[in-house]
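**Student:** Below is the file start25.tsv, with TSV, C-alpha atoms.
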```
chain	number	residue	atom	x	y	z
A	1	MET	CA	62.72	3.86	-131.28
A	2	LYS	CA	61.04	3.28	-127.93
A	3	THR	CA	64.48	2.59	-126.53
A	4	VAL	CA	65.81	5.78	-128.10
A	5	ALA	CA	62.97	7.79	-126.53
A	6	LYS	CA	63.54	6.11	-123.18
A	7	VAL	CA	67.29	6.78	-123.14
A	8	SER	CA	66.71	10.39	-124.26
A	9	GLY	CA	64.15	10.97	-121.52
A	10	ILE	CA	66.41	9.54	-118.82
A	11	ALA	CA	69.37	11.59	-120.09
A	12	TYR	CA	67.27	14.76	-120.01
A	13	VAL	CA	66.15	14.09	-116.42
A	14	LEU	CA	69.76	13.55	-115.35
A	15	ILE	CA	70.83	16.76	-117.10
A	16	PHE	CA	68.14	18.67	-115.19
A	17	LEU	CA	69.22	17.17	-111.87
A	18	THR	CA	72.98	17.55	-112.29
A	19	GLY	CA	72.73	21.01	-113.87
A	20	PHE	CA	70.43	22.51	-111.26
A	21	TYR	CA	72.44	21.00	-108.43
A	22	ALA	CA	75.81	22.23	-109.72
A	23	ASN	CA	74.67	25.67	-110.85
A	24	PHE	CA	72.07	26.69	-108.29
A	25	ALA	CA	72.88	24.60	-105.21
A	26	ILE	CA	76.66	24.98	-105.45
A	27	LEU	CA	77.99	27.82	-107.62
A	28	SER	CA	75.26	30.35	-106.83
A	29	ASN	CA	75.93	29.94	-103.12
A	30	LEU	CA	79.72	30.27	-103.40
A	31	VAL	CA	80.33	32.93	-106.05
A	32	GLU	CA	79.93	36.64	-105.33
A	33	ILE	CA	80.71	38.36	-108.59
A	34	ASP	CA	81.63	41.71	-107.00
A	35	ASN	CA	83.69	40.26	-104.13
A	36	PRO	CA	86.72	38.19	-105.29
A	37	SER	CA	88.13	37.67	-101.78
A	38	LYS	CA	84.81	36.44	-100.43
A	39	THR	CA	84.40	34.13	-103.42
A	40	LEU	CA	87.86	32.65	-102.89
A	41	SER	CA	87.12	32.18	-99.19
A	42	ASN	CA	83.76	30.54	-99.90
A	43	ILE	CA	85.24	28.04	-102.34
A	44	SER	CA	88.31	27.31	-100.19
A	45	ASN	CA	86.07	26.57	-97.21
A	46	SER	CA	83.70	24.40	-99.27
A	47	LEU	CA	86.07	22.46	-101.48
A	48	ASN	CA	84.10	19.23	-101.19
A	49	SER	CA	80.91	20.96	-102.32
A	50	PHE	CA	82.74	22.71	-105.16
A	51	ARG	CA	84.27	19.40	-106.29
A	52	ASN	CA	80.83	17.78	-106.21
A	53	GLY	CA	79.48	20.61	-108.33
A	54	LEU	CA	82.32	20.14	-110.82
A	55	LEU	CA	81.62	16.40	-111.01
A	56	SER	CA	77.92	17.10	-111.51
A	57	PHE	CA	78.74	19.39	-114.40
A	58	LEU	CA	80.95	16.65	-115.86
A	59	LEU	CA	78.07	14.16	-115.65
A	60	MET	CA	75.82	16.75	-117.28
A	61	PHE	CA	78.32	16.95	-120.15
A	62	VAL	CA	78.28	13.15	-120.57
A	63	PHE	CA	74.47	13.01	-120.68
A	64	ASP	CA	74.50	15.84	-123.23
A	65	ILE	CA	76.72	13.75	-125.50
A	66	VAL	CA	74.23	10.90	-125.18
A	67	LEU	CA	71.43	13.21	-126.36
A	68	ILE	CA	73.43	14.29	-129.40
A	69	VAL	CA	73.22	10.69	-130.61
A	70	THR	CA	69.72	9.74	-129.49
A	71	LEU	CA	67.94	12.91	-130.65
A	72	PHE	CA	69.52	12.51	-134.08
A	73	LYS	CA	68.11	8.99	-134.26
A	74	LEU	CA	64.73	10.25	-133.10
A	75	THR	CA	64.39	13.03	-135.69
A	76	LYS	CA	66.40	11.86	-138.71
A	77	GLU	CA	63.28	10.41	-140.37
A	78	VAL	CA	61.76	13.91	-140.53
A	79	ASN	CA	64.72	15.59	-142.23
A	80	ARG	CA	68.11	13.94	-142.03
A	81	LYS	CA	70.09	17.07	-142.98
A	82	LEU	CA	68.34	19.30	-140.43
A	83	SER	CA	68.63	16.60	-137.78
A	84	PHE	CA	72.36	16.37	-138.45
A	85	LEU	CA	72.59	20.18	-138.28
A	86	ALA	CA	70.76	20.21	-134.94
A	87	SER	CA	73.18	17.59	-133.60
A	88	GLY	CA	76.11	19.66	-134.84
A	89	PHE	CA	74.99	22.73	-132.94
A	90	ARG	CA	74.46	20.66	-129.80
A	91	MET	CA	77.99	19.33	-130.26
A	92	LEU	CA	79.29	22.92	-130.49
A	93	HIS	CA	77.51	23.61	-127.21
A	94	ALA	CA	79.19	20.57	-125.66
A	95	ILE	CA	82.62	21.71	-126.92
A	96	PHE	CA	82.27	25.17	-125.42
A	97	PHE	CA	80.91	23.68	-122.19
A	98	SER	CA	83.94	21.38	-121.95
A	99	ILE	CA	86.23	24.43	-122.31
A	100	ALA	CA	84.22	26.14	-119.57
A	101	LEU	CA	84.67	23.10	-117.32
A	102	LEU	CA	88.45	23.34	-117.72
A	103	LYS	CA	88.25	26.86	-116.30
A	104	LEU	CA	86.24	25.54	-113.37
A	105	TYR	CA	88.82	22.80	-112.81
A	106	ASP	CA	91.54	25.48	-112.71
A	107	VAL	CA	89.58	27.22	-109.96
A	108	PHE	CA	89.50	23.98	-108.00
A	109	THR	CA	93.26	23.43	-108.33
A	110	ILE	CA	94.02	26.99	-107.21
A	111	THR	CA	91.71	26.97	-104.21
A	112	ASN	CA	92.91	23.50	-103.27
A	113	GLY	CA	96.44	24.84	-102.73
A	114	THR	CA	97.81	25.64	-99.30
A	115	ASN	CA	99.60	28.89	-100.20
A	116	LEU	CA	97.02	31.33	-101.52
A	117	SER	CA	98.62	34.51	-102.81
A	118	VAL	CA	97.12	37.98	-102.61
A	119	LYS	CA	96.55	38.00	-106.38
A	120	GLN	CA	94.63	34.74	-106.48
A	121	PRO	CA	91.19	36.10	-105.59
A	122	ASN	CA	91.20	38.07	-108.86
A	123	ILE	CA	92.60	35.08	-110.76
A	124	VAL	CA	89.79	32.89	-109.43
A	125	LEU	CA	87.15	35.43	-110.35
A	126	ASP	CA	88.64	35.79	-113.84
A	127	LEU	CA	88.48	32.02	-114.28
A	128	LEU	CA	84.87	31.95	-113.08
A	129	SER	CA	84.03	34.76	-115.50
A	130	SER	CA	85.68	32.79	-118.31
A	131	PHE	CA	83.70	29.70	-117.31
A	132	ASP	CA	80.49	31.71	-117.50
A	133	LYS	CA	81.44	33.33	-120.82
A	134	PHE	CA	82.30	30.06	-122.58
A	135	TRP	CA	79.17	28.38	-121.23
A	136	THR	CA	77.05	31.33	-122.37
A	137	ILE	CA	78.49	31.11	-125.88
A	138	GLY	CA	77.79	27.39	-125.80
A	139	LEU	CA	74.20	28.04	-124.76
A	140	LEU	CA	73.71	30.27	-127.81
A	141	PHE	CA	74.66	27.28	-129.96
A	142	PHE	CA	72.33	25.19	-127.80
A	143	GLY	CA	69.57	27.69	-128.56
A	144	VAL	CA	70.10	27.13	-132.30
A	145	HIS	CA	69.91	23.39	-131.63
A	146	LEU	CA	66.58	23.84	-129.86
A	147	LEU	CA	65.29	26.03	-132.66
A	148	ILE	CA	65.99	23.35	-135.27
A	149	LEU	CA	64.81	20.56	-132.96
A	150	GLY	CA	61.57	22.46	-132.34
A	151	TYR	CA	61.01	22.85	-136.07
A	152	LEU	CA	61.64	19.14	-136.61
A	153	ALA	CA	59.19	18.33	-133.81
A	154	THR	CA	56.46	20.42	-135.48
A	155	LYS	CA	56.98	18.40	-138.68
A	156	ALA	CA	57.12	14.98	-137.01
A	157	HIS	CA	53.66	13.42	-136.88
A	158	TYR	CA	54.75	11.20	-133.97
A	159	ILE	CA	55.70	14.17	-131.72
A	160	PRO	CA	52.93	16.50	-130.48
A	161	ARG	CA	53.19	19.72	-132.45
A	162	TYR	CA	52.87	21.94	-129.38
A	163	ILE	CA	56.13	20.49	-128.02
A	164	GLY	CA	57.91	21.81	-131.09
A	165	PHE	CA	56.57	25.31	-130.48
A	166	LEU	CA	57.57	25.12	-126.80
A	167	LEU	CA	61.11	24.12	-127.79
A	168	ILE	CA	61.29	27.09	-130.16
A	169	GLN	CA	60.11	29.32	-127.31
A	170	ALA	CA	62.85	27.87	-125.10
A	171	ALA	CA	65.42	28.69	-127.79
A	172	LEU	CA	64.31	32.32	-127.79
A	173	GLY	CA	64.79	32.43	-124.01
A	174	TYR	CA	68.39	31.25	-124.38
A	175	PHE	CA	69.03	33.80	-127.14
A	176	ILE	CA	67.71	36.74	-125.14
A	177	ASP	CA	69.66	35.86	-121.99
A	178	GLY	CA	72.87	34.89	-123.82
A	179	PHE	CA	73.11	37.98	-126.02
A	180	ALA	CA	72.21	40.22	-123.09
A	181	LYS	CA	74.90	38.67	-120.90
A	182	LEU	CA	77.57	39.06	-123.58
A	183	SER	CA	76.70	42.54	-124.81
A	184	TYR	CA	74.59	44.44	-122.25
A	185	ASP	CA	76.65	46.28	-119.61
A	186	GLY	CA	73.74	46.45	-117.18
A	187	TYR	CA	72.97	42.75	-117.41
A	188	TYR	CA	73.81	41.94	-113.80
A	189	ASP	CA	71.44	44.65	-112.57
A	190	TYR	CA	68.60	42.64	-114.11
A	191	GLN	CA	70.13	39.18	-113.99
A	192	PRO	CA	67.31	37.58	-111.94
A	193	TYR	CA	64.78	38.63	-114.58
A	194	PHE	CA	66.84	37.36	-117.50
A	195	GLU	CA	67.50	34.07	-115.70
A	196	ALA	CA	63.84	33.71	-114.77
A	197	GLY	CA	62.97	34.04	-118.45
A	198	VAL	CA	65.43	31.31	-119.41
A	199	ILE	CA	64.30	29.00	-116.62
A	200	LEU	CA	60.61	29.56	-117.37
A	201	THR	CA	60.83	29.02	-121.14
A	202	GLY	CA	63.51	26.34	-120.88
A	203	VAL	CA	61.78	24.29	-118.22
A	204	ILE	CA	58.39	24.45	-119.93
A	205	GLY	CA	59.81	23.53	-123.33
A	206	GLU	CA	62.42	20.96	-122.42
A	207	LEU	CA	60.46	19.44	-119.54
A	208	SER	CA	57.44	18.95	-121.80
A	209	PHE	CA	59.67	17.21	-124.31
A	210	THR	CA	61.25	15.12	-121.55
A	211	ILE	CA	57.86	13.99	-120.25
A	212	TRP	CA	56.81	13.00	-123.76
A	213	LEU	CA	60.04	11.04	-124.22
A	214	LEU	CA	59.57	9.17	-120.94
A	215	VAL	CA	55.90	8.40	-121.57
A	216	THR	CA	56.72	7.23	-125.09
A	217	GLY	CA	59.69	5.17	-123.96
A	218	PHE	CA	58.11	3.51	-120.94
A	219	PHE	CA	54.37	3.37	-121.54
A	220	ARG	CA	53.51	3.46	-125.25
A	221	THR	CA	53.32	0.10	-126.98
A	222	LYS	CA	55.20	1.39	-130.04
A	223	LEU	CA	56.48	4.53	-131.73
A	224	LYS	CA	55.38	4.61	-135.35
A	225	LEU	CA	57.55	6.82	-137.57
A	226	GLU	CA	55.70	6.40	-140.84
```
Could you show the structure in this file as structure tokens?
**Tutor:**
Amino acid sequence: MKTVAKVSGIAYVLIFLTGFYANFAILSNLVEIDNPSKTLSNISNSLNSFRNGLLSFLLMFVFDIVLIVTLFKLTKEVNRKLSFLASGFRMLHAIFFSIALLKLYDVFTITNGTNLSVKQPNIVLDLLSSFDKFWTIGLLFFGVHLLILGYLATKAHYIPRYIGFLLIQAALGYFIDGFAKLSYDGYYDYQPYFEAGVILTGVIGELSFTIWLLVTGFFRTKLKLE
């Protein structure tokens, strides 16, 4: 179980690094949601950066699959059915994220062409919007995963109870932002506030869990489940 905790902690760290790099260092600097032509120009002039962002997202997806397996092993002793359910919702998140990545790959293939038509700026923006929509739906499933995982953590004597409550808080952050993005017309007027809420609750909850996993995996002599 120490190995499981260690692998989970490393996977979480790599998800943080690849996700923040791809989303905030790459996409946020290239995409202007209200300016399709500028967005197309930005991506076309920074194809290497965009490709690196796409590859980082792909690595993030791989590490997420790893966590589906390891977190199930870590929590199955608490409640096997709920642990399996939590893994299932994380898998649904991964499925929707993979669909989103296909949209991002389509953007890369279009902007990588030499003959860019007049209509393509809108096509690119539509694909980017689809990427964001599918990922958002996936994050709602991820929020359910965190909710169940947080509950399991509060019931596991070998995981600090406060981590479970922080994971539940992180789930609520994903729910608020995801439902607002999908249903609230004025979302983008307040986007920085919604995103700040997700980042704040998500980082506190998941980072606390990650630190516990790494400390348990690398420094504790053993992880007793009974």
**Student:** Applying 7 Å and all atoms listed in the file, which residues near Phe89 (chain A) remain after dropping the ones on its own chain fewer than 4 positions away? List them as a PDB file with C-alpha atoms, in the coordinates of the input.
**Tutor:**
```pdb
ATOM      1  CA  LEU A  85      72.590  20.180-138.280  1.00  0.00           C
ATOM      2  CA  HIS A  93      77.510  23.610-127.210  1.00  0.00           C
ATOM      3  CA  PHE A 141      74.660  27.280-129.960  1.00  0.00           C
ATOM      4  CA  PHE A 142      72.330  25.190-127.800  1.00  0.00           C
ATOM      5  CA  VAL A 144      70.100  27.130-132.300  1.00  0.00           C
ATOM      6  CA  HIS A 145      69.910  23.390-131.630  1.00  0.00           C
TER       7      HIS A 145
END
```
**Student:** Each residue of region 65-146 of chain A lying at most 10 Å from region 157-162 of chain A should get a row with its shortest atom-to-atom pair and the distance in Å to one decimal, counting only C-alpha atoms; could you produce that, ordered by chain and increasing number, as a Markdown table?
**Tutor:**
```
| residue | atom | partner | partner_atom | distance |
| --- | --- | --- | --- | --- |
| A:Leu74 | CA | A:Ile159 | CA | 9.9 |
| A:Thr75 | CA | A:Ile159 | CA | 9.6 |
| A:Val78 | CA | A:His157 | CA | 8.9 |
```
**Student:** Do you have the CA of Ile68 (chain A)-CA of Ser87 (chain A) distance handy?
**Tutor:** 5.3 Å
**Student:** Name the closest residue to Pro36 (chain A) among the candidates A:Gln191, A:Thr136, A:Ser130, A:Gln120; distances are taken between atoms, counting all atoms listed in the file.
**Tutor:**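 Among the listed residues, A:Gln120 lies closest to Pro36 (chain A).
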**Student:** Show which residues sit within 7 Å of region 169-184 of chain A, as an NGL selection string. Count all atoms listed in the file, and ignore same-chain residues fewer than 2 positions away.
**Tutor:** :A and (136 or 139-140 or 143-144 or 146-147 or 165-167 or 186-187 or 194-195 or 197-198 or 201-202 or 205)
**Student:** Kindly give the distance, in Å, that separates CA of Ile65 (chain A) and CA of Ala156 (chain A), rounded to a single decimal.
**Tutor:**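 These two atoms are separated by 22.8 Å.
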**Student:** Could you write out as AutoDock Vina command-line options the box around region 153-170 of chain A (axis-aligned, all atoms listed in the file, 3 Å on each side), with centre and edge lengths in Å to one decimal?
**Tutor:**
```
--center_x 57.9 --center_y 20.3 --center_z -131.9 --size_x 16.0 --size_y 24.1 --size_z 19.6
```
**Student:** Taking only C-alpha atoms into account, name the residue in A:Leu14, A:Leu55, A:Ile26, A:Leu127 that is nearest to Asn42 (chain A).
**Tutor:** A:Ile26
**Student:** Taking (71.0, 24.7, -112.5) in the file's own coordinates, collect the residues within 12 Å, counting only C-alpha atoms, and hand them back as a VMD selection string.
**Tutor:** chain A and resid 14 to 29 53 56 to 57 60 195 to 196 198 to 199 202 to 203
**Student:** Please provide the set of residues having any atom within 8 Å of Leu101 (chain A), restricted to all atoms listed in the file, with same-chain residues fewer than 5 positions apart removed, written as an MDAnalysis selection string.
**Tutor:** chainID A and resid 54 57:58 131
**Student:** Name all residues at most 12 Å from Asp106 (chain A) (count all atoms listed in the file; drop same-chain ones fewer than 2 positions away) and give them as a PyMOL selection string.
**Tutor:** chain A and resi 50-51+54+99-104+108-113+120+123-128+130-131
**Student:** Could you check how far CA of Ser208 (chain A) sits from CA of Lys76 (chain A), in Å to one decimal?
**Tutor:**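 So the two atoms, CA of Ser208 (chain A) and CA of Lys76 (chain A), lie 20.4 Å apart.
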**Student:** My list of candidates is A:Asn45, A:Val107, A:Asn122, A:Tyr151. Which is closest to Ala86 (chain A) when distances are computed with all atoms listed in the file?
**Tutor:**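 Result for the nearest residue to Ala86 (chain A): A:Tyr151.
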**Student:** What residues have an atom no more than 12 Å from (75.5, 9.9, -126.9) in the file's own frame, counting all atoms listed in the file, and can you write them as a PyMOL selection string?
**Tutor:** chain A and resi 4+7-8+11-12+60-73+87+90-91+94
**Student:** Using all atoms listed in the file, pick whichever of A:Leu40, A:Leu152, A:Leu59, A:Val13 has the shortest atom-to-atom distance to Phe84 (chain A).
**Tutor:**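 Checking each candidate against Phe84 (chain A), we get A:Leu152 as the closest.
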**Student:** Smallest atom-to-atom distance to Glu77 (chain A): which of A:Ser37, A:Gly9, A:Asn52, A:Lys155, using only C-alpha atoms?
**Tutor:** A:Lys155
**Student:** Using the block above, I'd like region 126-151 of chain A written out, keeping N, CA, C and O atoms and formatting it as a short mmCIF file (atom, residue, chain, number, x, y, z; two decimals), in the first residue's frame.
**Tutor:**
```cif
data_model
loop_
_atom_site.label_atom_id
_atom_site.label_comp_id
_atom_site.auth_asym_id
_atom_site.auth_seq_id
_atom_site.Cartn_x
_atom_site.Cartn_y
_atom_site.Cartn_z
N ASP A 126 -15.22 27.17 -32.66
CA ASP A 126 -16.25 26.17 -32.35
C ASP A 126 -15.63 24.91 -31.75
O ASP A 126 -16.17 24.32 -30.80
N LEU A 127 -14.49 24.50 -32.32
CA LEU A 127 -13.81 23.32 -31.80
C LEU A 127 -13.29 23.56 -30.39
O LEU A 127 -13.37 22.69 -29.51
N LEU A 128 -12.75 24.75 -30.16
CA LEU A 128 -12.25 25.10 -28.83
C LEU A 128 -13.40 25.16 -27.82
O LEU A 128 -13.25 24.74 -26.67
N SER A 129 -14.55 25.66 -28.27
CA SER A 129 -15.73 25.69 -27.39
C SER A 129 -16.20 24.28 -27.07
O SER A 129 -16.60 24.00 -25.93
N SER A 130 -16.14 23.38 -28.08
CA SER A 130 -16.52 21.99 -27.85
C SER A 130 -15.54 21.32 -26.89
O SER A 130 -15.95 20.53 -26.02
N PHE A 131 -14.26 21.60 -27.07
CA PHE A 131 -13.25 21.09 -26.14
C PHE A 131 -13.58 21.49 -24.71
O PHE A 131 -13.60 20.67 -23.79
N ASP A 132 -13.89 22.77 -24.52
CA ASP A 132 -14.19 23.29 -23.19
C ASP A 132 -15.48 22.67 -22.64
O ASP A 132 -15.56 22.34 -21.45
N LYS A 133 -16.48 22.50 -23.50
CA LYS A 133 -17.76 21.94 -23.06
C LYS A 133 -17.61 20.49 -22.61
O LYS A 133 -18.10 20.11 -21.52
N PHE A 134 -16.93 19.67 -23.41
CA PHE A 134 -16.76 18.27 -23.05
C PHE A 134 -15.91 18.12 -21.79
O PHE A 134 -16.20 17.26 -20.94
N TRP A 135 -14.88 18.96 -21.66
CA TRP A 135 -14.05 18.89 -20.46
C TRP A 135 -14.85 19.32 -19.24
O TRP A 135 -14.72 18.73 -18.16
N THR A 136 -15.69 20.33 -19.39
CA THR A 136 -16.52 20.79 -18.28
C THR A 136 -17.47 19.71 -17.82
O THR A 136 -17.64 19.48 -16.61
N ILE A 137 -18.11 19.02 -18.78
CA ILE A 137 -18.99 17.91 -18.42
C ILE A 137 -18.18 16.83 -17.69
O ILE A 137 -18.62 16.27 -16.68
N GLY A 138 -16.99 16.56 -18.20
CA GLY A 138 -16.12 15.59 -17.55
C GLY A 138 -15.77 15.99 -16.14
O GLY A 138 -15.72 15.15 -15.22
N LEU A 139 -15.56 17.28 -15.91
CA LEU A 139 -15.20 17.76 -14.57
C LEU A 139 -16.37 17.65 -13.60
O LEU A 139 -16.16 17.54 -12.39
N LEU A 140 -17.59 17.68 -14.11
CA LEU A 140 -18.75 17.44 -13.23
C LEU A 140 -18.72 15.99 -12.73
O LEU A 140 -18.98 15.73 -11.54
N PHE A 141 -18.40 15.05 -13.61
CA PHE A 141 -18.23 13.66 -13.18
C PHE A 141 -17.04 13.54 -12.21
O PHE A 141 -17.10 12.78 -11.25
N PHE A 142 -15.99 14.32 -12.49
CA PHE A 142 -14.83 14.32 -11.60
C PHE A 142 -15.22 14.83 -10.22
O PHE A 142 -14.73 14.34 -9.20
N GLY A 143 -16.12 15.83 -10.18
CA GLY A 143 -16.60 16.34 -8.91
C GLY A 143 -17.32 15.27 -8.11
O GLY A 143 -17.14 15.17 -6.88
N VAL A 144 -18.13 14.44 -8.79
CA VAL A 144 -18.80 13.33 -8.10
C VAL A 144 -17.77 12.35 -7.55
O VAL A 144 -17.88 11.85 -6.43
N HIS A 145 -16.73 12.09 -8.35
CA HIS A 145 -15.63 11.23 -7.91
C HIS A 145 -15.01 11.78 -6.62
O HIS A 145 -14.81 11.03 -5.65
N LEU A 146 -14.73 13.08 -6.60
CA LEU A 146 -14.12 13.68 -5.41
C LEU A 146 -15.05 13.63 -4.21
O LEU A 146 -14.60 13.45 -3.07
N LEU A 147 -16.34 13.78 -4.47
CA LEU A 147 -17.32 13.73 -3.39
C LEU A 147 -17.31 12.35 -2.72
O LEU A 147 -17.26 12.25 -1.47
N ILE A 148 -17.31 11.30 -3.53
CA ILE A 148 -17.28 9.95 -2.98
C ILE A 148 -15.93 9.65 -2.34
O ILE A 148 -15.85 9.06 -1.26
N LEU A 149 -14.85 10.08 -3.02
CA LEU A 149 -13.50 9.88 -2.49
C LEU A 149 -13.34 10.58 -1.14
O LEU A 149 -12.75 10.03 -0.20
N GLY A 150 -13.89 11.80 -1.05
CA GLY A 150 -13.83 12.53 0.21
C GLY A 150 -14.56 11.81 1.32
O GLY A 150 -14.07 11.73 2.46
N TYR A 151 -15.73 11.27 0.99
CA TYR A 151 -16.49 10.51 1.99
C TYR A 151 -15.70 9.28 2.44
O TYR A 151 -15.62 8.98 3.65
#
```
